[in-house]
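*Asks:* As input, take entry.cif (mmCIF, C-alpha atoms):
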```
data_model
loop_
_atom_site.group_PDB
_atom_site.id
_atom_site.type_symbol
_atom_site.label_atom_id
_atom_site.label_comp_id
_atom_site.auth_asym_id
_atom_site.auth_seq_id
_atom_site.Cartn_x
_atom_site.Cartn_y
_atom_site.Cartn_z
ATOM 1 C CA MET A 1 -16.410 0.475 18.222
ATOM 2 C CA GLU A 2 -13.174 -0.948 16.840
ATOM 3 C CA ASN A 3 -15.020 -3.984 15.561
ATOM 4 C CA ALA A 4 -17.509 -1.765 13.722
ATOM 5 C CA LEU A 5 -14.606 0.170 12.197
ATOM 6 C CA PHE A 6 -13.088 -3.126 11.021
ATOM 7 C CA TYR A 7 -16.269 -4.098 9.186
ATOM 8 C CA VAL A 8 -16.602 -0.641 7.634
ATOM 9 C CA MET A 9 -12.989 -0.808 6.432
ATOM 10 C CA ALA A 10 -13.435 -4.367 5.137
ATOM 11 C CA ALA A 11 -16.446 -3.215 3.116
ATOM 12 C CA GLY A 12 -14.394 -0.274 1.860
ATOM 13 C CA ALA A 13 -11.531 -2.540 0.796
ATOM 14 C CA LEU A 14 -13.893 -4.863 -1.072
ATOM 15 C CA ALA A 15 -15.638 -1.912 -2.730
ATOM 16 C CA GLY A 16 -12.293 -0.452 -3.778
ATOM 17 C CA ALA A 17 -11.219 -3.803 -5.196
ATOM 18 C CA LEU A 18 -14.450 -4.053 -7.179
ATOM 19 C CA GLY A 19 -13.891 -0.516 -8.375
ATOM 20 C CA VAL A 20 -10.460 -1.501 -9.741
ATOM 21 C CA VAL A 21 -11.937 -4.317 -11.800
ATOM 22 C CA LEU A 22 -15.139 -2.587 -12.932
ATOM 23 C CA SER A 23 -14.200 1.016 -13.684
ATOM 24 C CA ARG A 24 -13.691 1.954 -17.312
ATOM 25 C CA ASN A 25 -11.153 4.710 -16.776
ATOM 26 C CA PRO A 26 -7.688 3.503 -15.649
ATOM 27 C CA ILE A 27 -7.286 6.621 -13.498
ATOM 28 C CA ALA A 28 -10.454 5.674 -11.614
ATOM 29 C CA SER A 29 -9.016 2.179 -11.174
ATOM 30 C CA VAL A 30 -5.865 3.605 -9.614
ATOM 31 C CA LEU A 31 -7.858 5.786 -7.227
ATOM 32 C CA ALA A 32 -10.091 2.857 -6.233
ATOM 33 C CA LEU A 33 -6.990 0.753 -5.536
ATOM 34 C CA LEU A 34 -5.566 3.602 -3.474
ATOM 35 C CA ALA A 35 -8.772 3.692 -1.388
ATOM 36 C CA ALA A 36 -8.580 -0.098 -0.933
ATOM 37 C CA PHE A 37 -4.960 0.183 0.248
ATOM 38 C CA PHE A 38 -5.846 2.860 2.799
ATOM 39 C CA CYS A 39 -8.686 0.679 4.111
ATOM 40 C CA LEU A 40 -6.272 -2.258 4.368
ATOM 41 C CA ALA A 41 -3.749 -0.100 6.235
ATOM 42 C CA THR A 42 -6.465 0.791 8.735
ATOM 43 C CA ILE A 43 -7.257 -2.897 9.137
ATOM 44 C CA TYR A 44 -3.575 -3.657 9.780
ATOM 45 C CA LEU A 45 -3.571 -0.952 12.422
ATOM 46 C CA LEU A 46 -6.724 -2.343 14.045
ATOM 47 C CA ALA A 47 -5.279 -5.859 13.949
ATOM 48 C CA GLY A 48 -2.217 -4.677 15.882
ATOM 49 C CA PHE A 49 0.384 -4.338 13.107
ATOM 50 C CA GLN A 50 1.420 -0.704 13.362
ATOM 51 C CA LEU A 51 4.686 -0.967 11.477
ATOM 52 C CA LEU A 52 3.047 -2.806 8.599
ATOM 53 C CA ALA A 53 0.290 -0.200 8.397
ATOM 54 C CA ALA A 54 2.961 2.476 8.034
ATOM 55 C CA ALA A 55 4.809 0.410 5.416
ATOM 56 C CA GLN A 56 1.569 -0.172 3.528
ATOM 57 C CA ILE A 57 0.890 3.555 3.287
ATOM 58 C CA LEU A 58 4.497 4.526 2.548
ATOM 59 C CA VAL A 59 5.284 1.847 -0.020
ATOM 60 C CA TYR A 60 1.928 1.168 -1.648
ATOM 61 C CA ALA A 61 0.054 4.427 -1.427
ATOM 62 C CA GLY A 62 3.210 6.512 -1.571
ATOM 63 C CA ALA A 63 5.404 4.789 -4.133
ATOM 64 C CA VAL A 64 3.619 2.074 -6.103
ATOM 65 C CA MET A 65 0.420 3.957 -6.805
ATOM 66 C CA VAL A 66 2.332 7.067 -7.829
ATOM 67 C CA LEU A 67 4.236 4.858 -10.268
ATOM 68 C CA PHE A 68 0.951 3.611 -11.743
ATOM 69 C CA LEU A 69 -0.479 7.130 -12.004
ATOM 70 C CA PHE A 70 2.760 8.370 -13.538
ATOM 71 C CA VAL A 71 2.753 5.682 -16.237
ATOM 72 C CA ILE A 72 -0.919 6.295 -17.061
ATOM 73 C CA MET A 73 -0.272 10.005 -17.428
ATOM 74 C CA LEU A 74 2.970 9.440 -19.363
ATOM 75 C CA LEU A 75 1.172 7.248 -21.869
ATOM 76 C CA ASN A 76 -1.828 9.601 -21.877
ATOM 77 C CA LEU A 77 -4.319 6.819 -21.206
ATOM 78 C CA GLY A 78 -6.846 8.748 -19.137
ATOM 79 C CA HIS A 79 -10.033 9.666 -20.952
ATOM 80 C CA ALA A 80 -10.867 13.351 -21.159
ATOM 81 C CA GLY A 81 -14.337 13.127 -22.635
ATOM 82 C CA PRO A 82 -17.385 11.213 -21.439
ATOM 83 C CA LEU A 83 -16.993 7.455 -21.587
ATOM 84 C CA PRO A 84 -19.567 5.140 -23.140
ATOM 85 C CA ARG A 85 -22.005 3.841 -20.542
ATOM 86 C CA VAL A 86 -21.268 0.237 -21.389
ATOM 87 C CA ASP A 87 -17.824 -0.584 -22.719
ATOM 88 C CA ARG A 88 -17.984 -3.968 -24.394
ATOM 89 C CA THR A 89 -14.286 -4.081 -25.180
ATOM 90 C CA MET A 90 -13.208 -3.790 -21.539
ATOM 91 C CA PHE A 91 -13.536 -7.481 -20.670
ATOM 92 C CA VAL A 92 -12.280 -10.604 -22.391
ATOM 93 C CA ARG A 93 -15.618 -12.319 -22.849
ATOM 94 C CA ARG A 94 -14.427 -15.784 -23.794
ATOM 95 C CA ARG A 95 -12.667 -16.055 -20.441
ATOM 96 C CA SER A 96 -15.744 -15.173 -18.354
ATOM 97 C CA THR A 97 -16.733 -18.823 -17.785
ATOM 98 C CA LEU A 98 -13.191 -19.619 -16.652
ATOM 99 C CA ALA A 99 -13.150 -16.578 -14.365
ATOM 100 C CA ILE A 100 -16.478 -17.463 -12.762
ATOM 101 C CA ALA A 101 -15.346 -21.062 -12.232
ATOM 102 C CA VAL A 102 -11.996 -20.041 -10.696
ATOM 103 C CA VAL A 103 -13.571 -17.428 -8.411
ATOM 104 C CA ALA A 104 -16.310 -19.833 -7.266
ATOM 105 C CA ALA A 105 -13.759 -22.591 -6.598
ATOM 106 C CA LEU A 106 -11.502 -20.186 -4.671
ATOM 107 C CA LEU A 107 -14.298 -18.784 -2.541
ATOM 108 C CA GLY A 108 -15.832 -22.175 -1.869
ATOM 109 C CA ALA A 109 -12.541 -23.832 -0.948
ATOM 110 C CA SER A 110 -11.456 -20.982 1.325
ATOM 111 C CA ALA A 111 -14.868 -20.822 3.031
ATOM 112 C CA LEU A 112 -14.688 -24.556 3.693
ATOM 113 C CA GLY A 113 -11.097 -24.354 4.915
ATOM 114 C CA ILE A 114 -11.601 -21.314 7.142
ATOM 115 C CA SER A 115 -14.812 -22.560 8.726
ATOM 116 C CA GLY A 116 -13.036 -25.824 9.560
ATOM 117 C CA MET A 117 -10.139 -24.060 11.305
ATOM 118 C CA ARG A 118 -10.621 -24.011 15.049
ATOM 119 C CA ALA A 119 -7.959 -21.385 15.748
ATOM 120 C CA ALA A 120 -9.564 -18.994 13.267
ATOM 121 C CA GLN A 121 -12.835 -18.763 15.166
ATOM 122 C CA ALA A 122 -11.214 -17.198 18.208
ATOM 123 C CA SER A 123 -10.254 -13.624 18.767
ATOM 124 C CA PHE A 124 -8.072 -12.260 21.498
ATOM 125 C CA PRO A 125 -7.309 -8.959 23.192
ATOM 126 C CA LEU A 126 -4.223 -7.328 21.738
ATOM 127 C CA PRO A 127 -1.051 -6.814 23.724
ATOM 128 C CA ALA A 128 -0.644 -3.101 24.391
ATOM 129 C CA HIS A 129 2.479 -2.757 22.236
ATOM 130 C CA GLY A 130 0.917 -4.394 19.173
ATOM 131 C CA LEU A 131 2.049 -7.505 17.394
ATOM 132 C CA ASP A 132 4.936 -6.202 15.318
ATOM 133 C CA THR A 133 7.253 -4.195 17.496
ATOM 134 C CA PRO A 134 10.277 -2.867 15.591
ATOM 135 C CA GLU A 135 12.518 -4.800 17.986
ATOM 136 C CA SER A 136 10.968 -8.175 17.252
ATOM 137 C CA LEU A 137 10.881 -7.462 13.498
ATOM 138 C CA ALA A 138 14.526 -6.406 13.459
ATOM 139 C CA ALA A 139 15.548 -9.411 15.539
ATOM 140 C CA SER A 140 14.126 -11.767 12.917
ATOM 141 C CA LEU A 141 15.038 -9.731 9.838
ATOM 142 C CA PHE A 142 18.690 -9.563 10.835
ATOM 143 C CA GLY A 143 18.710 -12.942 12.581
ATOM 144 C CA PRO A 144 17.110 -15.994 10.970
ATOM 145 C CA TYR A 145 15.990 -14.066 7.873
ATOM 146 C CA ALA A 146 19.304 -12.350 7.132
ATOM 147 C CA LEU A 147 19.847 -14.336 3.929
ATOM 148 C CA PRO A 148 16.446 -13.471 2.387
ATOM 149 C CA PHE A 149 17.041 -9.882 3.477
ATOM 150 C CA GLU A 150 20.339 -9.737 1.566
ATOM 151 C CA ALA A 151 18.775 -11.516 -1.397
ATOM 152 C CA THR A 152 16.137 -8.791 -1.438
ATOM 153 C CA SER A 153 18.806 -6.115 -1.747
ATOM 154 C CA LEU A 154 20.254 -7.982 -4.727
ATOM 155 C CA LEU A 155 16.748 -8.213 -6.214
ATOM 156 C CA LEU A 156 16.258 -4.465 -5.830
ATOM 157 C CA LEU A 157 19.559 -3.774 -7.588
ATOM 158 C CA ALA A 158 18.696 -6.147 -10.430
ATOM 159 C CA THR A 159 15.283 -4.498 -10.742
ATOM 160 C CA ALA A 160 16.745 -1.016 -10.942
ATOM 161 C CA VAL A 161 19.062 -2.105 -13.759
ATOM 162 C CA ALA A 162 16.321 -4.039 -15.560
ATOM 163 C CA VAL A 163 13.851 -1.166 -15.442
ATOM 164 C CA VAL A 164 16.378 1.271 -16.865
ATOM 165 C CA VAL A 165 17.251 -1.151 -19.678
ATOM 166 C CA LEU A 166 13.592 -1.871 -20.450
ATOM 167 C CA ALA A 167 12.334 1.684 -20.378
ATOM 168 C CA LYS A 168 15.102 3.485 -22.223
ATOM 169 C CA ARG A 169 14.614 4.188 -25.872
ATOM 170 C CA ALA A 170 16.132 1.827 -28.425
ATOM 171 C CA ARG A 171 19.462 3.137 -29.675
ATOM 172 C CA ARG A 172 19.588 4.630 -33.136
ATOM 173 C CA GLY A 173 21.800 2.489 -35.344
ATOM 174 C CA PRO A 174 21.911 -0.540 -37.592
ATOM 175 C CA THR A 175 21.571 -3.028 -34.708
ATOM 176 C CA ALA A 176 18.463 -1.381 -33.294
ATOM 177 C CA GLY A 177 16.652 -1.392 -36.626
ATOM 178 C CA GLY A 178 16.893 2.362 -37.011
ATOM 179 C CA ARG A 179 14.030 3.188 -34.657
ATOM 180 C CA GLY A 180 14.514 6.320 -32.626
ATOM 181 C CA MET B 1 -10.153 -5.147 17.952
ATOM 182 C CA ASN B 2 -11.995 -8.300 18.902
ATOM 183 C CA VAL B 3 -12.985 -9.623 15.502
ATOM 184 C CA PRO B 4 -12.545 -13.377 14.992
ATOM 185 C CA ASN B 5 -9.540 -14.135 12.838
ATOM 186 C CA ALA B 6 -11.760 -16.007 10.405
ATOM 187 C CA HIS B 7 -13.218 -12.685 9.273
ATOM 188 C CA LEU B 8 -9.743 -11.442 8.347
ATOM 189 C CA LEU B 9 -9.261 -14.613 6.317
ATOM 190 C CA TYR B 10 -12.653 -14.227 4.626
ATOM 191 C CA LEU B 11 -11.755 -10.664 3.665
ATOM 192 C CA ALA B 12 -8.437 -11.899 2.247
ATOM 193 C CA ALA B 13 -10.248 -14.579 0.230
ATOM 194 C CA GLY B 14 -12.705 -12.018 -1.146
ATOM 195 C CA LEU B 15 -9.951 -9.605 -2.169
ATOM 196 C CA PHE B 16 -7.989 -12.432 -3.796
ATOM 197 C CA ALA B 17 -11.054 -13.598 -5.741
ATOM 198 C CA ILE B 18 -11.722 -10.071 -7.021
ATOM 199 C CA GLY B 19 -8.061 -9.823 -8.042
ATOM 200 C CA VAL B 20 -8.257 -13.131 -9.919
ATOM 201 C CA ALA B 21 -11.395 -11.973 -11.723
ATOM 202 C CA GLY B 22 -9.699 -8.727 -12.770
ATOM 203 C CA PHE B 23 -6.568 -10.582 -13.856
ATOM 204 C CA LEU B 24 -8.536 -12.964 -16.054
ATOM 205 C CA LEU B 25 -11.122 -10.565 -17.433
ATOM 206 C CA ARG B 26 -9.606 -7.168 -18.080
ATOM 207 C CA ARG B 27 -7.851 -6.285 -21.330
ATOM 208 C CA ASN B 28 -5.942 -3.243 -20.116
ATOM 209 C CA VAL B 29 -2.439 -4.331 -19.050
ATOM 210 C CA ILE B 30 -2.230 -1.682 -16.336
ATOM 211 C CA VAL B 31 -5.472 -2.861 -14.732
ATOM 212 C CA VAL B 32 -4.165 -6.448 -14.906
ATOM 213 C CA LEU B 33 -1.053 -5.324 -12.991
ATOM 214 C CA MET B 34 -3.265 -3.627 -10.402
ATOM 215 C CA SER B 35 -5.221 -6.863 -9.992
ATOM 216 C CA ILE B 36 -1.932 -8.634 -9.225
ATOM 217 C CA GLU B 37 -1.205 -6.001 -6.565
ATOM 218 C CA LEU B 38 -4.625 -6.712 -5.105
ATOM 219 C CA MET B 39 -3.871 -10.440 -4.904
ATOM 220 C CA LEU B 40 -0.527 -9.773 -3.204
ATOM 221 C CA ASN B 41 -2.298 -7.610 -0.637
ATOM 222 C CA ALA B 42 -4.774 -10.398 0.041
ATOM 223 C CA ALA B 43 -1.839 -12.749 0.638
ATOM 224 C CA ASN B 44 -0.378 -10.191 3.053
ATOM 225 C CA LEU B 45 -3.633 -10.019 4.958
ATOM 226 C CA SER B 46 -3.705 -13.782 5.408
ATOM 227 C CA PHE B 47 -0.076 -13.745 6.614
ATOM 228 C CA LEU B 48 -1.113 -11.263 9.285
ATOM 229 C CA ALA B 49 -4.221 -13.254 10.226
ATOM 230 C CA GLY B 50 -1.975 -16.305 10.622
ATOM 231 C CA SER B 51 0.362 -14.305 12.828
ATOM 232 C CA ARG B 52 -2.581 -13.339 15.037
ATOM 233 C CA MET B 53 -3.725 -16.945 15.270
ATOM 234 C CA HIS B 54 -0.205 -18.005 16.229
ATOM 235 C CA ALA B 55 0.045 -15.319 18.899
ATOM 236 C CA LEU B 56 -3.259 -16.564 20.272
ATOM 237 C CA SER B 57 -1.982 -20.105 20.689
ATOM 238 C CA SER B 58 1.360 -19.099 22.200
ATOM 239 C CA PRO B 59 1.492 -18.481 25.962
ATOM 240 C CA GLY B 60 0.920 -14.887 26.979
ATOM 241 C CA GLY B 61 0.041 -13.713 23.473
ATOM 242 C CA ALA B 62 3.691 -13.102 22.638
ATOM 243 C CA PRO B 63 4.144 -11.378 19.277
ATOM 244 C CA ASP B 64 5.162 -13.717 16.506
ATOM 245 C CA PRO B 65 7.327 -11.795 14.050
ATOM 246 C CA GLN B 66 7.220 -14.314 11.220
ATOM 247 C CA GLY B 67 3.920 -13.114 9.756
ATOM 248 C CA PRO B 68 4.928 -9.429 9.633
ATOM 249 C CA VAL B 69 8.389 -10.353 8.310
ATOM 250 C CA PHE B 70 6.911 -12.272 5.398
ATOM 251 C CA ALA B 71 4.407 -9.475 4.816
ATOM 252 C CA ILE B 72 7.319 -7.036 4.506
ATOM 253 C CA PHE B 73 8.993 -9.336 1.967
ATOM 254 C CA VAL B 74 5.727 -9.501 0.021
ATOM 255 C CA ILE B 75 5.501 -5.696 0.000
ATOM 256 C CA VAL B 76 9.048 -5.482 -1.389
ATOM 257 C CA ILE B 77 8.314 -8.083 -4.063
ATOM 258 C CA ALA B 78 5.104 -6.250 -5.001
ATOM 259 C CA ALA B 79 6.978 -2.976 -5.442
ATOM 260 C CA VAL B 80 9.612 -4.708 -7.595
ATOM 261 C CA GLU B 81 6.942 -6.406 -9.667
ATOM 262 C CA ALA B 82 5.113 -3.120 -10.239
ATOM 263 C CA ALA B 83 8.326 -1.402 -11.367
ATOM 264 C CA VAL B 84 9.273 -4.149 -13.845
ATOM 265 C CA GLY B 85 5.688 -4.562 -15.049
ATOM 266 C CA LEU B 86 5.229 -0.871 -15.717
ATOM 267 C CA ALA B 87 8.572 -0.701 -17.534
ATOM 268 C CA LEU B 88 7.333 -3.551 -19.729
ATOM 269 C CA VAL B 89 4.084 -1.641 -20.303
ATOM 270 C CA ILE B 90 6.074 1.399 -21.435
ATOM 271 C CA ALA B 91 8.206 -0.745 -23.756
ATOM 272 C CA MET B 92 5.079 -2.396 -25.176
ATOM 273 C CA TYR B 93 3.357 0.954 -25.688
ATOM 274 C CA ARG B 94 6.382 2.249 -27.554
ATOM 275 C CA HIS B 95 6.334 -0.811 -29.793
ATOM 276 C CA LYS B 96 2.589 -1.254 -30.386
ATOM 277 C CA LYS B 97 1.036 2.107 -29.440
ATOM 278 C CA SER B 98 -1.428 0.204 -27.260
ATOM 279 C CA VAL B 99 -1.820 -1.192 -23.764
ATOM 280 C CA SER B 100 -4.424 -3.786 -24.673
ATOM 281 C CA LEU B 101 -3.537 -7.425 -24.160
ATOM 282 C CA ASP B 102 -5.121 -8.211 -27.534
ATOM 283 C CA ASP B 103 -2.253 -6.456 -29.256
ATOM 284 C CA ALA B 104 0.373 -8.428 -27.344
ATOM 285 C CA GLY B 105 -0.526 -11.862 -28.671
ATOM 286 C CA GLU B 106 2.526 -12.422 -30.868
ATOM 287 C CA LEU B 107 4.337 -14.625 -28.396
ATOM 288 C CA ARG B 108 1.252 -16.747 -27.796
ATOM 289 C CA GLY B 109 1.838 -20.362 -28.815
#
```
With the file now loaded, output its structure as structure tokens.

*Replies:*
Amino acid sequence: MENALFYVMAAGALAGALGVVLSRNPIASVLALLAAFFCLATIYLLAGFQLLAAAQILVYAGAVMVLFLFVIMLLNLGHAGPLPRVDRTMFVRRRSTLAIAVVAALLGASALGISGMRAAQASFPLPAHGLDTPESLAASLFGPYALPFEATSLLLLATAVAVVVLAKRARRGPTAGGRG
Amino acid sequence: MNVPNAHLLYLAAGLFAIGVAGFLLRRNVIVVLMSIELMLNAANLSFLAGSRMHALSSPGGAPDPQGPVFAIFVIVIAAVEAAVGLALVIAMYRHKKSVSLDDAGELRG
């Protein structure tokens, strides 16, 4: 039962990912990505990572995707009318050979590597409490990973400042070239 | 769930490949950013698959927190990247009135 749910969710995640790349309307892309993230959160839950599933839904589905939707609506990029059936300007055609080569190389190399891994072929029954208990996560976040944790707080502060500087309007005046 | 860990890794590889294709092929900057998010999620999934494999090899299936810890760091970095990227998109739209990568070629060498 759980295994069947995993394969359904894996198919859903792949379909959502394809929807992101193939849909013509950016709003549809965002919704497809949202569906893929929910499928991935379910997979995390099935794989025994409860805390990460919650973080995936809170941070990705809750915050990041709302940011994407907000920017698309702010810039008024969604299409109101019917879209052309085939949009030739959507893809960069001269890069298609490169893209096919990179994707084929990636898939081939990872298939070779994964099929050669002995540990990857096994599966095991989960411990009842899952694999990421809050206690064990906190013990490593505030123990051996305390320095990266603090660096992350600095990164978040720098990001907040950078985003405000980037997104605010250019000042009116001789230095800003007079643009409002 | 009793799925072999290889299937988690195959799913991660598939998601990453789709993200690479979107990153290389699409013109819309916002869709390119979403493809990057997709690739980061694939990386997260392989961190978690590695954590499962490690728990399998350790005695008693003890939880190994390193995979989830790195996945949390990746989630934070992805959120930061989305915020900065979308601020850049807004700045570019204000400057060029477009979100197509074709109109952002001035810095290309």

*Asks:* With distances taken over all atoms listed in the file, which of A:Leu154, A:Ala167, A:Met73, A:Ala15 is nearest to chain B?

*Replies:*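 Under the stated criterion, the closest residue is A:Ala167.
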
*Asks:* Specify as a list of chain:residue names all residues of chain A found within 6 Å of chain B, counting only C-alpha atoms.

*Replies:*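 Those within range of chain B come out as A:Glu2, A:Asn3, A:Val21, A:Leu46, A:Met90, A:Phe91, A:Val92, A:Ala99, A:Val103, A:Ala120, A:Gln121, A:Ala122, A:Ser123, A:Leu131, A:Leu137, A:Val163, A:Leu166, A:Ala167.
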
*Asks:* Please indicate the distance in Å from atom CA of Leu156 of chain A to atom CA of Glu106 of chain B, rounded to one decimal place.

*Replies:*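 Atom-to-atom, atom CA of Leu156 of chain A to atom CA of Glu106 of chain B, that is 29.6 Å.
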
*Asks:* Written as number ranges by chain, which residues does the PyMOL selection byres ((chain A and resi 59) around 12) give for the file shown?

*Replies:* A: 34, 37-38, 41, 51-58, 60-67; B: 72-80, 82

*Asks:* Atom CA of Ala47 of chain A and atom CA of Ala146 of chain A, how far apart in Å?

*Replies:*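 Value for the atom CA of Ala146 of chain A-atom CA of Ala47 of chain A distance: 26.3 Å.
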
*Asks:* Tell me, in Å to one decimal, how far atom CA of Leu155 of chain A is from atom CA of Ala139 of chain A.

*Replies:*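 These atoms are spaced 21.8 Å apart.
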
*Asks:* Between A:Leu69, A:Thr133, A:Tyr44, A:Ala104, which is the closest to Phe47 of chain B once you count all atoms listed in the file?

*Replies:*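 Of A:Leu69, A:Thr133, A:Tyr44, A:Ala104, the one nearest Phe47 of chain B is A:Tyr44, counting all atoms listed in the file.
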